[in-house]
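Taking it in order: structure first as structure tokens, then the write-up.
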Amino acid sequence: MNFIEERILKDGIVAKGNVLKVDSFLNHQMDISLLEEIAKEFKSRFNDKKIDKILTIESSGIAIACMCAKEFNVPMVFAKKSKSINIEGDVYSAEVESFTHKTINHVIVSKKFIKAHENILIVDDFLANGCALQGLISIVQQADAKVEGIGIVIEKGFQDGGKIIRNLGYQLESLAIIDDMNDLTKEIKFR
């Protein structure tokens with residue numbers, strides 16, 4: 001059992017609807033030491049890749065991506081879920097359905113922050129149906145950049161997202177893959 005699986009068993013809460021609440025340490029209140037360990041683990045798993053930038057999506061992935069950017073010593077960019085007046089110029093955009101919020105967002109990244117031929121590592125906290133990752137991959141492709149890899153903290157292996165992304169040929173590294181959760185018994189089974 002790895003450090004993420006141990007932390008999920010210790011502090012995670014299985015809620016109705018295949019929702020795993022990790023808000024006490026990962027995506028609301030954040031354990032900075034844990035985030036540093038996550039970044040080091042992603043660095044070790046993608047150490048053979050040339051990484052120019054870290055990319056994530058607003059908002060839960062931002063802290064993880066910041067720590068990864070520090071570990072890789074590269075800039076971090078996050079896709080915004082809405083265009084604001086402080087975004088100048090052209091943007092890359094993709095439509096992304098949120099499993100958690102049951103909404104569709106149009107995510108954007110300013111074209112000045114991802115350039116052609118850059119090597120991008122995508123990171124995020126969860127992978128469920130793969131829509132967010134597909135949107136981020138689309139943005140990287142629009143920029144004529146390259147997805148060097150994808151790092152996910154928690155993958156719901158009982159949903160199709162991981163299989164879809166792996167079938168597209170990307171190196172997808174999930175620190176914990178959950179194959180089953182039961183909101184009645186509160187049991188979690190890891191791959």
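Residues in the structure tokens are numbered from 1 in each chain, the chains being A, B, ... in the order shown, and ligands are numbered from 1 in the order shown.
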Go through region 2-137 of chain A and collect every residue that DSSP, computed from the backbone, puts in strand (DSSP E or B); the answer should be as an mmCIF file with C-alpha atoms, in the first residue's frame.
data_model
loop_
_atom_site.group_PDB
_atom_site.id
_atom_site.type_symbol
_atom_site.label_atom_id
_atom_site.label_comp_id
_atom_site.auth_asym_id
_atom_site.auth_seq_id
_atom_site.Cartn_x
_atom_site.Cartn_y
_atom_site.Cartn_z
ATOM 1 C CA ILE A 13 -14.881 9.413 3.208
ATOM 2 C CA VAL A 14 -16.951 7.324 0.805
ATOM 3 C CA ALA A 15 -20.163 9.215 0.030
ATOM 4 C CA VAL A 19 -17.947 10.129 -4.511
ATOM 5 C CA LEU A 20 -14.748 9.925 -2.507
ATOM 6 C CA LYS A 21 -14.309 12.915 -0.229
ATOM 7 C CA LYS A 53 5.395 23.176 -18.265
ATOM 8 C CA ILE A 54 2.874 21.683 -15.895
ATOM 9 C CA LEU A 55 -0.791 22.018 -16.912
ATOM 10 C CA THR A 56 -3.887 21.466 -14.797
ATOM 11 C CA ILE A 57 -7.485 22.610 -14.610
ATOM 12 C CA MET A 76 2.661 25.963 -14.161
ATOM 13 C CA VAL A 77 -0.430 26.914 -16.148
ATOM 14 C CA PHE A 78 -4.031 26.176 -15.282
ATOM 15 C CA ALA A 79 -7.035 26.106 -17.561
ATOM 16 C CA LYS A 80 -9.624 28.612 -16.366
ATOM 17 C CA VAL A 91 -7.118 31.514 -26.104
ATOM 18 C CA TYR A 92 -7.197 27.777 -26.572
ATOM 19 C CA SER A 93 -10.491 26.339 -25.382
ATOM 20 C CA ALA A 94 -12.191 23.029 -24.769
ATOM 21 C CA GLU A 95 -15.538 21.875 -23.453
ATOM 22 C CA VAL A 96 -15.256 19.811 -20.274
ATOM 23 C CA GLU A 97 -17.967 17.972 -18.365
ATOM 24 C CA SER A 98 -17.412 17.831 -14.602
ATOM 25 C CA THR A 103 -21.817 20.805 -15.251
ATOM 26 C CA ILE A 104 -20.218 21.590 -18.591
ATOM 27 C CA ASN A 105 -17.453 24.167 -18.538
ATOM 28 C CA HIS A 106 -15.638 25.888 -21.359
ATOM 29 C CA VAL A 107 -12.050 25.894 -20.144
ATOM 30 C CA ILE A 108 -9.474 28.252 -21.601
ATOM 31 C CA VAL A 109 -5.737 28.857 -21.606
ATOM 32 C CA SER A 110 -4.194 31.993 -23.050
ATOM 33 C CA ASN A 119 6.543 19.374 -23.561
ATOM 34 C CA ILE A 120 3.623 19.379 -21.146
ATOM 35 C CA LEU A 121 2.954 17.292 -18.052
ATOM 36 C CA ILE A 122 -0.740 17.315 -17.145
ATOM 37 C CA VAL A 123 -1.600 16.768 -13.477
ATOM 38 C CA ASP A 124 -4.889 16.649 -11.580
ATOM 39 C CA ASP A 125 -6.355 15.364 -8.340
ATOM 40 C CA PHE A 126 -8.989 12.948 -9.705
ATOM 41 C CA LEU A 127 -9.674 10.948 -12.840
#
- request: Write out as a PyMOL selection string the residues lying within 7 Å of Ala145 (chain A), counting only C-alpha atoms and excluding same-chain residues fewer than 6 positions away.
  value: chain A and resi 115-119
Create the file for the chosen residues now, containing C-alpha atoms and written as a PDB file, in the first residue's frame.
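The file below, out-v1.pdb, is the result:
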ATOM      1  CA  LYS A 115       3.712  27.372 -27.186  1.00  0.00           C
ATOM      2  CA  ALA A 116       4.260  25.008 -30.087  1.00  0.00           C
ATOM      3  CA  HIS A 117       6.687  22.152 -29.397  1.00  0.00           C
ATOM      4  CA  GLU A 118       6.606  22.571 -25.603  1.00  0.00           C
ATOM      5  CA  ASN A 119       6.543  19.374 -23.561  1.00  0.00           C
TER       6      ASN A 119
END
Those in region 26-105 of chain A with alpha helix (DSSP H) from DSSP, as a count of residues only: 26
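Shortest separation to Arg191 (chain A) among A:Asp52, A:Asp179, A:Glu36, A:Asp23 occurs at residue A:Asp179, atoms counted being only C-alpha atoms.
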Point-to-point distance in Å for CA of Cys66 (chain A) and CA of Gln171 (chain A): 20.5 Å
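Close contacts of Gly157 (chain A), defined as residues with an atom at most 7 Å away when counting only C-alpha atoms, with chain neighbours fewer than 5 positions off set aside, comprise Gly162, Ile177, Ile178 and Asp179 of chain A.
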Kindly save the residues from that selection, with N, CA and C atoms included, as a short mmCIF file (atom, residue, chain, number, x, y, z; two decimals), in the first residue's frame.
data_model
loop_
_atom_site.label_atom_id
_atom_site.label_comp_id
_atom_site.auth_asym_id
_atom_site.auth_seq_id
_atom_site.Cartn_x
_atom_site.Cartn_y
_atom_site.Cartn_z
N GLY A 162 -9.64 6.29 -17.12
CA GLY A 162 -8.28 5.77 -17.23
C GLY A 162 -8.07 4.93 -18.47
N ILE A 177 -5.31 3.84 -7.52
CA ILE A 177 -6.43 3.48 -8.40
C ILE A 177 -7.44 2.72 -7.55
N ILE A 178 -8.63 3.25 -7.48
CA ILE A 178 -9.71 2.62 -6.72
C ILE A 178 -10.55 1.79 -7.68
N ASP A 179 -10.64 0.49 -7.38
CA ASP A 179 -11.44 -0.38 -8.22
C ASP A 179 -12.87 -0.53 -7.73
#
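Counting only C-alpha atoms and comparing A:Leu136, A:Glu71, A:Asn18, A:Ile64, the residue that lies closest to Lys156 (chain A) is A:Asn18.
Distance annotation: of A:Asn47, A:Ser59, A:Asp11, A:Phe42, the residue with the minimal separation from Ile150 (chain A) is A:Phe42; atom set is only C-alpha atoms.
When only C-alpha atoms are used to measure the gap to Lys102 (chain A), the shortest distance among A:Lys50, A:Asp144, A:Glu58, A:Cys131 belongs to A:Cys131.
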query: Restricting the calculation to only C-alpha atoms, which member of A:Ile51, A:Glu5, A:Glu187, A:Ser138 is positioned closest to Glu155 (chain A)?
result: A:Glu5
- line: Using only C-alpha atoms, the shortest atom-to-atom distance to Asn182 (chain A) among A:Gly151, A:Lys16, A:Lys40, A:Gln141 belongs to A:Lys16
